[in-house]
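Asker: Quick one: this structure, given as C-alpha cells, is what I'll be asking you about.
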Amino acid sequence: MFEKLLVANRGEIAVRIMIACEELGIDTVAIYSDADRNSGHVDYADEAYNVGPAPASDSYLDQATIIDVAQRADADAIHPGYGFLAENAEFARRVRGTDGITWVGPPSDAMEQLGEKTKARSIMQEADVPVVPGTTNPVESAEEIRDLGAEYGYPLAIKAEGGGGGRGMKIVHNDSAVEKAFESAQREGEAYFGNDSVYVEKYLEAPKHIEVQVLADHHGNVRHLGERECSLQRRHQKVIEEAPSPALSDDLRADIGEAARRGVRAADYTNAGTVEFLVEDGEFYFMEVNTRIQVEHTVSEEVTGIDIVRWQILVAADEELTFDQEDVDIEGHAIEYRINAENPANDFAPTPGYLETYDPPSSIGIRLDHAVNQGDTIAGDYDSMIAKLIVRADDRERCLARSRRALEHFTVSGVNTTIPFHLLMLNDDVFVAGDHTTKYIDEDVEEAD
Ligand code: ADP
C-alpha cells in the first residue's frame, strides 16, 4: 500500500480523500493556494505546501509545481479529486512518468479517448451501448448540420468535441439558426477546451439524466454500483442528486447497469468512473463518461455501503475488487443537496464572504461532506460549494421528510445559500413525485417565479 498520498485538490473532496487515506493508514499531503492558507483541507492533512497565488491557473492547475511538491514531500501517489486536473490526460501521463509516483485514476489513454466525445460515442456504439442519435465524426460545415436536421428532425444540439457542463453546446430549432450556432459552438470549444471541433446530436426535449457509477480493477473485474438520478439541474449544473432513481423500472435499471459495464470494458477503463445517459420514453442513450470521482458519488456510497474513494486507492495499488456484481445491493434511499454560497433570489449569483454562523444538522441519516467551519471565509476564487448534505432513509418518502427536517435545522448566516431553494423543491409536486426532467428548473420553476 502507498505510504503518503498527495491530494491535488481543495475543499470537501480533498478532505474526503484524506479520510479514506487515514482509514488505510496512508499519510496525506495537501496543496493550497494563497487564498486557502486557512482552509479545512490544509488543517486535515499531515503536511501542506503552498503552490501559488489564488487563481487556479497559477496554483491548483500548475502541473509542474504539483509534481515537484509531491517529489519534495516524498509522496508515492497523487489523487486529483474532481475538477482542476482530474480529467487531464496529460497530467495523468506526467504523474505516471515520474519515478515512484502512482496516479490514482484511470489509464491516460482511456481518459484521452473518452474525453473526445465523438471517439467515446464510437467506442460505445461498437460495444452495443445505445448513443444519442447523431454523428460519430466531427461536422465540417453548416450545410452538413442542415442535412442532419432534415434526417433527424429539429431540435439538434451542436456540441464541442471537448465540451462539458453545457459549455460549447448550442441548441438549434431550424435551418436558419444553424450557421450562427455552429460558429459559436466552435468558438466556445476553442476558448474553453482548446478544441474547435464540434459534432451534432438530436436534442432530447425532456429527458432524465441518469448516470451509472462503475468501479473496475486491473484484474479484469468491472462492477456497477447502480444509478444516480441527476435530472434536477439549473443551466446544466446538477443541484440535487439521488440514488436510486425514482423513475426507472427494474428492467431498465438492469439494462443501463449492464450497458455501462460493457462500455467501460470496451474503453479498457479502470478505477472509478461514471457513465452518463439521457433517458426518455423508456429508452436510454449514452451521453458521456466522466473519468473521475464525482461530487455526487456520496449517494451511491450511502445506498451500497461501498466506499468508492477507498476503492480508487486500492485499485491504483493493484488490489482486486472483493465483491461480485450480485453482491452489490441497493438498500434504502439517499439524496444529496449542494449547499452553495449563492443567492437563489438573485439568479443564484455567488455570494462569497464571511461565514458568521455555520451550524449544520446532525443525527440519524445525516452525512455532511464539508471542509468549512464557522468563522471561515468562503473564497470567491473557486466554486461556491460550502457543503454537501447527504440524507439517507429506508425509502424515498422518509428520505424527503428527513431532508426537510435536516434543511430546516441547517443554519448559515453571513452568506446566502441554496438552502431555501432546496426547501422549495421539497414542497414541489413534480420533484416530490420524481417526475422532473433536466429542463424542469429552467423552464418551469424559474419562469413561474
Ligand atoms: P456534462 O455531462 O459534462 O455536463 P454536456 O455539456 O454534454 O456534459 O451536457 C450537459 C447537460 O446538457 C446534460 O446533463 C443534459 O442535461 C444536457 N444535454 C446534453 N446533451 C443533450 C441532448 N442531446 N439532449 C438533451 N439534453 C442534453
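All residue names refer to the C-alpha cells as shown: chains lettered A, B, ... in order, residues numbered from 1 in each chain, ligands numbered from 1 in order.
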To test your reading of the structure, identify every residue in region 261-428 of chain A that backbone DSSP assigns to helix (DSSP H, G or I), and report it as a PyMOL selection string.
Answerer: chain A and resi 261-266+297-304+308-316+325-327+344-346+396-408+419-425
Asker: Please provide the set of residues having any atom within 12 Å of Pro106 (chain A), restricted to only C-alpha atoms, with same-chain residues fewer than 3 positions apart removed, written as number ranges by chain.
Answerer: A: 79-80, 86-89, 91-93, 96, 102-103, 109-114, 214-218, 264, 267-274, 289-293, 312-313, 315-316
Asker: Using only C-alpha atoms and all ligand atoms for the distances, tell me which of A:Ile330, A:Cys230, A:Val309, A:Ile13 is nearest to ligand 1.
Answerer: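 Between A:Ile330, A:Cys230, A:Val309, A:Ile13, the residue approaching ligand 1 most closely is A:Cys230.
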Asker: Using only C-alpha atoms and all ligand atoms, what are the residues with an atom within 8 Å of ligand 1, set out as a VMD selection string?
Answerer: chain A and resid 132 156 to 157 159 163 to 169 201 to 209 230 to 231 233 235 to 238 276 278 287 to 288 290 438 to 439
Asker: Next, the residues of the selection above should be written as an mmCIF file, in the first residue's frame with N, CA and C atoms.
Answerer:
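Listing of out.cif after writing:
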data_model
loop_
_atom_site.group_PDB
_atom_site.id
_atom_site.type_symbol
_atom_site.label_atom_id
_atom_site.label_comp_id
_atom_site.auth_asym_id
_atom_site.auth_seq_id
_atom_site.Cartn_x
_atom_site.Cartn_y
_atom_site.Cartn_z
ATOM 1 N N VAL A 132 -27.009 8.781 -28.094
ATOM 2 C CA VAL A 132 -27.977 9.760 -28.592
ATOM 3 C C VAL A 132 -27.794 9.832 -30.111
ATOM 4 N N LEU A 156 -31.715 20.190 -32.725
ATOM 5 C CA LEU A 156 -30.424 19.497 -32.673
ATOM 6 C C LEU A 156 -29.529 20.210 -31.654
ATOM 7 N N ALA A 157 -28.609 19.449 -31.048
ATOM 8 C CA ALA A 157 -27.593 20.058 -30.187
ATOM 9 C C ALA A 157 -26.276 20.024 -30.946
ATOM 10 N N LYS A 159 -22.495 20.357 -30.351
ATOM 11 C CA LYS A 159 -21.689 20.264 -29.126
ATOM 12 C C LYS A 159 -20.199 20.263 -29.434
ATOM 13 N N GLY A 163 -16.207 19.413 -24.953
ATOM 14 C CA GLY A 163 -17.061 20.171 -24.034
ATOM 15 C C GLY A 163 -17.500 19.435 -22.790
ATOM 16 N N GLY A 164 -18.288 20.130 -21.978
ATOM 17 C CA GLY A 164 -18.826 19.566 -20.744
ATOM 18 C C GLY A 164 -19.545 20.648 -19.977
ATOM 19 N N GLY A 165 -20.443 20.218 -19.093
ATOM 20 C CA GLY A 165 -21.164 21.177 -18.263
ATOM 21 C C GLY A 165 -21.993 22.148 -19.078
ATOM 22 N N GLY A 166 -22.401 21.726 -20.276
ATOM 23 C CA GLY A 166 -23.239 22.584 -21.111
ATOM 24 C C GLY A 166 -22.439 23.641 -21.862
ATOM 25 N N ARG A 167 -21.142 23.736 -21.589
ATOM 26 C CA ARG A 167 -20.328 24.723 -22.313
ATOM 27 C C ARG A 167 -20.020 24.217 -23.712
ATOM 28 N N GLY A 168 -20.103 25.127 -24.659
ATOM 29 C CA GLY A 168 -19.849 24.724 -26.035
ATOM 30 C C GLY A 168 -21.000 23.934 -26.609
ATOM 31 N N MET A 169 -22.197 24.052 -25.989
ATOM 32 C CA MET A 169 -23.369 23.348 -26.525
ATOM 33 C C MET A 169 -24.396 24.391 -26.986
ATOM 34 N N GLU A 201 -25.866 16.171 -32.171
ATOM 35 C CA GLU A 201 -26.752 15.155 -31.596
ATOM 36 C C GLU A 201 -28.191 15.625 -31.709
ATOM 37 N N LYS A 202 -29.108 14.681 -31.734
ATOM 38 C CA LYS A 202 -30.514 15.036 -31.587
ATOM 39 C C LYS A 202 -30.662 15.625 -30.186
ATOM 40 N N TYR A 203 -31.377 16.742 -30.066
ATOM 41 C CA TYR A 203 -31.592 17.338 -28.752
ATOM 42 C C TYR A 203 -32.898 16.795 -28.179
ATOM 43 N N LEU A 204 -32.776 16.060 -27.076
ATOM 44 C CA LEU A 204 -33.980 15.471 -26.475
ATOM 45 C C LEU A 204 -34.685 16.557 -25.657
ATOM 46 N N GLU A 205 -36.003 16.640 -25.780
ATOM 47 C CA GLU A 205 -36.696 17.805 -25.223
ATOM 48 C C GLU A 205 -36.969 17.709 -23.731
ATOM 49 N N ALA A 206 -37.196 16.509 -23.222
ATOM 50 C CA ALA A 206 -37.476 16.412 -21.787
ATOM 51 C C ALA A 206 -36.924 15.100 -21.231
ATOM 52 N N PRO A 207 -35.576 14.961 -21.272
ATOM 53 C CA PRO A 207 -35.008 13.692 -20.803
ATOM 54 C C PRO A 207 -34.743 13.706 -19.302
ATOM 55 N N LYS A 208 -34.482 12.527 -18.771
ATOM 56 C CA LYS A 208 -33.921 12.437 -17.427
ATOM 57 C C LYS A 208 -32.427 12.185 -17.578
ATOM 58 N N HIS A 209 -31.643 12.743 -16.638
ATOM 59 C CA HIS A 209 -30.204 12.477 -16.612
ATOM 60 C C HIS A 209 -29.995 11.364 -15.581
ATOM 61 N N CYS A 230 -29.873 12.437 -11.624
ATOM 62 C CA CYS A 230 -29.307 13.795 -11.535
ATOM 63 C C CYS A 230 -30.068 14.744 -12.441
ATOM 64 N N SER A 231 -31.373 14.546 -12.559
ATOM 65 C CA SER A 231 -32.143 15.360 -13.501
ATOM 66 C C SER A 231 -32.405 16.768 -12.993
ATOM 67 N N GLN A 233 -31.446 19.959 -12.526
ATOM 68 C CA GLN A 233 -30.308 20.771 -12.964
ATOM 69 C C GLN A 233 -30.758 22.192 -13.219
ATOM 70 N N ARG A 235 -29.417 25.282 -15.479
ATOM 71 C CA ARG A 235 -28.467 25.590 -16.548
ATOM 72 C C ARG A 235 -27.381 24.525 -16.682
ATOM 73 N N HIS A 236 -27.829 23.286 -16.754
ATOM 74 C CA HIS A 236 -26.957 22.119 -16.948
ATOM 75 C C HIS A 236 -26.054 21.829 -15.760
ATOM 76 N N GLN A 237 -26.261 22.484 -14.629
ATOM 77 C CA GLN A 237 -25.480 22.171 -13.426
ATOM 78 C C GLN A 237 -26.385 21.415 -12.454
ATOM 79 N N LYS A 238 -25.869 20.288 -11.933
ATOM 80 C CA LYS A 238 -26.676 19.488 -11.008
ATOM 81 C C LYS A 238 -26.883 20.228 -9.690
ATOM 82 N N GLU A 276 -22.691 8.460 -18.136
ATOM 83 C CA GLU A 276 -23.905 9.286 -18.110
ATOM 84 C C GLU A 276 -24.823 8.957 -19.282
ATOM 85 N N LEU A 278 -28.910 9.819 -21.069
ATOM 86 C CA LEU A 278 -30.191 10.511 -21.073
ATOM 87 C C LEU A 278 -31.261 9.438 -21.251
ATOM 88 N N MET A 287 -24.442 9.403 -23.099
ATOM 89 C CA MET A 287 -24.054 10.797 -23.317
ATOM 90 C C MET A 287 -22.543 10.959 -23.183
ATOM 91 N N GLU A 288 -21.978 10.577 -22.040
ATOM 92 C CA GLU A 288 -20.518 10.656 -21.914
ATOM 93 C C GLU A 288 -20.039 9.891 -20.688
ATOM 94 N N ASN A 290 -17.554 10.268 -17.403
ATOM 95 C CA ASN A 290 -16.731 11.156 -16.572
ATOM 96 C C ASN A 290 -15.645 10.308 -15.933
ATOM 97 N N THR A 438 -34.512 17.167 -16.964
ATOM 98 C CA THR A 438 -33.389 18.119 -16.900
ATOM 99 C C THR A 438 -33.836 19.539 -17.227
ATOM 100 N N LYS A 439 -35.000 19.687 -17.842
ATOM 101 C CA LYS A 439 -35.465 21.021 -18.229
ATOM 102 C C LYS A 439 -36.317 21.660 -17.148
#
Asker: Going by DSSP on the backbone, which bits of region 62-206 of chain A are strand (DSSP E or B)? Write them as an MDAnalysis selection string, please.
Answerer: chainID A and resid 77:79 102:103 131 134 156:164 167:172 198:202
Asker: If you count only C-alpha atoms, which residues fall within 12 Å of Leu148 (chain A), apart from same-chain ones fewer than 5 positions away, as an mmCIF file with N, CA and C atoms, in the first residue's frame?
Answerer:
data_model
loop_
_atom_site.group_PDB
_atom_site.id
_atom_site.type_symbol
_atom_site.label_atom_id
_atom_site.label_comp_id
_atom_site.auth_asym_id
_atom_site.auth_seq_id
_atom_site.Cartn_x
_atom_site.Cartn_y
_atom_site.Cartn_z
ATOM 1 N N PRO A 133 -28.874 9.731 -30.915
ATOM 2 C CA PRO A 133 -28.717 9.766 -32.369
ATOM 3 C C PRO A 133 -27.931 11.008 -32.792
ATOM 4 N N GLY A 134 -26.999 10.834 -33.722
ATOM 5 C CA GLY A 134 -26.181 11.959 -34.166
ATOM 6 C C GLY A 134 -24.921 11.475 -34.834
ATOM 7 N N THR A 135 -23.920 12.342 -34.922
ATOM 8 C CA THR A 135 -22.719 11.996 -35.672
ATOM 9 C C THR A 135 -21.655 11.358 -34.775
ATOM 10 N N VAL A 139 -18.412 17.490 -37.394
ATOM 11 C CA VAL A 139 -19.033 18.038 -38.612
ATOM 12 C C VAL A 139 -18.186 19.205 -39.127
ATOM 13 N N SER A 141 -19.291 21.550 -41.712
ATOM 14 C CA SER A 141 -19.952 22.733 -42.283
ATOM 15 C C SER A 141 -21.390 22.863 -41.793
ATOM 16 N N ALA A 142 -21.905 24.099 -41.931
ATOM 17 C CA ALA A 142 -23.298 24.357 -41.555
ATOM 18 C C ALA A 142 -24.245 23.549 -42.445
ATOM 19 N N GLU A 143 -23.842 23.362 -43.687
ATOM 20 C CA GLU A 143 -24.685 22.618 -44.624
ATOM 21 C C GLU A 143 -24.885 21.169 -44.137
ATOM 22 N N GLY A 153 -34.634 15.543 -37.729
ATOM 23 C CA GLY A 153 -35.644 16.493 -37.266
ATOM 24 C C GLY A 153 -35.052 17.390 -36.191
ATOM 25 N N TYR A 154 -35.467 18.669 -36.151
ATOM 26 C CA TYR A 154 -35.008 19.582 -35.101
ATOM 27 C C TYR A 154 -35.804 19.330 -33.834
ATOM 28 N N PRO A 155 -35.335 19.790 -32.649
ATOM 29 C CA PRO A 155 -34.079 20.482 -32.407
ATOM 30 C C PRO A 155 -32.859 19.560 -32.422
ATOM 31 N N LEU A 156 -31.715 20.190 -32.725
ATOM 32 C CA LEU A 156 -30.424 19.497 -32.673
ATOM 33 C C LEU A 156 -29.529 20.210 -31.654
ATOM 34 N N ALA A 157 -28.609 19.449 -31.048
ATOM 35 C CA ALA A 157 -27.593 20.058 -30.187
ATOM 36 C C ALA A 157 -26.276 20.024 -30.946
ATOM 37 N N ILE A 158 -25.665 21.201 -31.096
ATOM 38 C CA ILE A 158 -24.321 21.268 -31.688
ATOM 39 C C ILE A 158 -23.374 21.345 -30.501
ATOM 40 N N VAL A 172 -30.297 24.222 -31.698
ATOM 41 C CA VAL A 172 -30.914 24.897 -32.853
ATOM 42 C C VAL A 172 -32.263 24.262 -33.182
ATOM 43 N N ASN A 174 -34.117 25.326 -36.096
ATOM 44 C CA ASN A 174 -34.433 25.349 -37.529
ATOM 45 C C ASN A 174 -33.182 25.668 -38.355
ATOM 46 N N ASP A 175 -33.304 25.499 -39.668
ATOM 47 C CA ASP A 175 -32.175 25.692 -40.586
ATOM 48 C C ASP A 175 -31.501 27.052 -40.424
ATOM 49 N N VAL A 178 -28.704 27.628 -37.819
ATOM 50 C CA VAL A 178 -27.560 26.712 -37.796
ATOM 51 C C VAL A 178 -26.209 27.425 -37.925
ATOM 52 N N TYR A 199 -19.631 18.386 -32.955
ATOM 53 C CA TYR A 199 -20.426 17.307 -33.539
ATOM 54 C C TYR A 199 -21.888 17.583 -33.214
ATOM 55 N N VAL A 200 -22.761 16.746 -33.759
ATOM 56 C CA VAL A 200 -24.189 17.039 -33.651
ATOM 57 C C VAL A 200 -24.952 15.856 -33.064
ATOM 58 N N GLU A 201 -25.866 16.171 -32.171
ATOM 59 C CA GLU A 201 -26.752 15.155 -31.596
ATOM 60 C C GLU A 201 -28.191 15.625 -31.709
ATOM 61 N N LYS A 202 -29.108 14.681 -31.734
ATOM 62 C CA LYS A 202 -30.514 15.036 -31.587
ATOM 63 C C LYS A 202 -30.662 15.625 -30.186
ATOM 64 N N TYR A 203 -31.377 16.742 -30.066
ATOM 65 C CA TYR A 203 -31.592 17.338 -28.752
ATOM 66 C C TYR A 203 -32.898 16.795 -28.179
#
Asker: Mind running region 283-355 of chain A against region 371-378 of chain A at 10 Å and telling me each contacting residue's nearest atom pair with the distance in Å (one decimal), counting only C-alpha atoms, chain and number ascending, as JSON lines?
Answerer:
{"residue": "A:Ala341", "atom": "CA", "partner": "A:Ile378", "partner_atom": "CA", "distance": 7.8}
{"residue": "A:Thr351", "atom": "CA", "partner": "A:Ile378", "partner_atom": "CA", "distance": 8.5}
{"residue": "A:Pro352", "atom": "CA", "partner": "A:Ile378", "partner_atom": "CA", "distance": 5.1}
{"residue": "A:Gly353", "atom": "CA", "partner": "A:Ile378", "partner_atom": "CA", "distance": 5.2}
{"residue": "A:Tyr354", "atom": "CA", "partner": "A:Thr377", "partner_atom": "CA", "distance": 4.4}
{"residue": "A:Leu355", "atom": "CA", "partner": "A:Gly375", "partner_atom": "CA", "distance": 5.2}
Asker: Nearest to Tyr285 (chain A) among A:Val15, A:Leu61, A:Leu368, A:Met124, with distances taken over only C-alpha atoms: which residue is it?
Answerer: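 Among A:Val15, A:Leu61, A:Leu368, A:Met124, it is A:Met124 that comes nearest to Tyr285 (chain A).
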Asker: Record the distance separating CA of Leu5 (chain A) and CA of His219 (chain A), expressed in Å with one decimal.
Answerer: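 For CA of Leu5 (chain A) relative to CA of His219 (chain A), the distance reads 22.9 Å.
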Asker: Determine, counting only C-alpha atoms, which protein, DNA and RNA residues have an atom within 6 Å of an atom of Glu227 (chain A); residues of the same chain fewer than 4 positions away are not included. Present the result as a short mmCIF file (atom, residue, chain, number, x, y, z; two decimals) with N, CA and C atoms, in the first residue's frame.
Answerer:
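In the end it all went to part02.cif:
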data_model
loop_
_atom_site.label_atom_id
_atom_site.label_comp_id
_atom_site.auth_asym_id
_atom_site.auth_seq_id
_atom_site.Cartn_x
_atom_site.Cartn_y
_atom_site.Cartn_z
N GLU A 211 -27.14 8.46 -14.38
CA GLU A 211 -25.74 8.06 -14.55
C GLU A 211 -25.43 6.84 -13.70
N VAL A 212 -24.50 6.04 -14.19
CA VAL A 212 -24.17 4.79 -13.52
C VAL A 212 -22.75 4.87 -12.98
N PRO A 244 -31.66 5.31 -5.29
CA PRO A 244 -31.79 5.07 -6.73
C PRO A 244 -32.69 6.10 -7.40
#
Asker: List the neighbours of Asp435 (chain A) out to 9 Å using only C-alpha atoms; skip same-chain residues closer than 2 positions along the sequence, and give me the result as a PyMOL selection string.
Answerer: chain A and resi 208+246-247+429-433+437
Asker: Go through A:His173, A:Ile335, A:Asp324, A:Phe286 one by one, measure the shortest atom-to-atom distance of each to Tyr152 (chain A) using only C-alpha atoms, and give the residue with the smallest value.
Answerer: A:His173
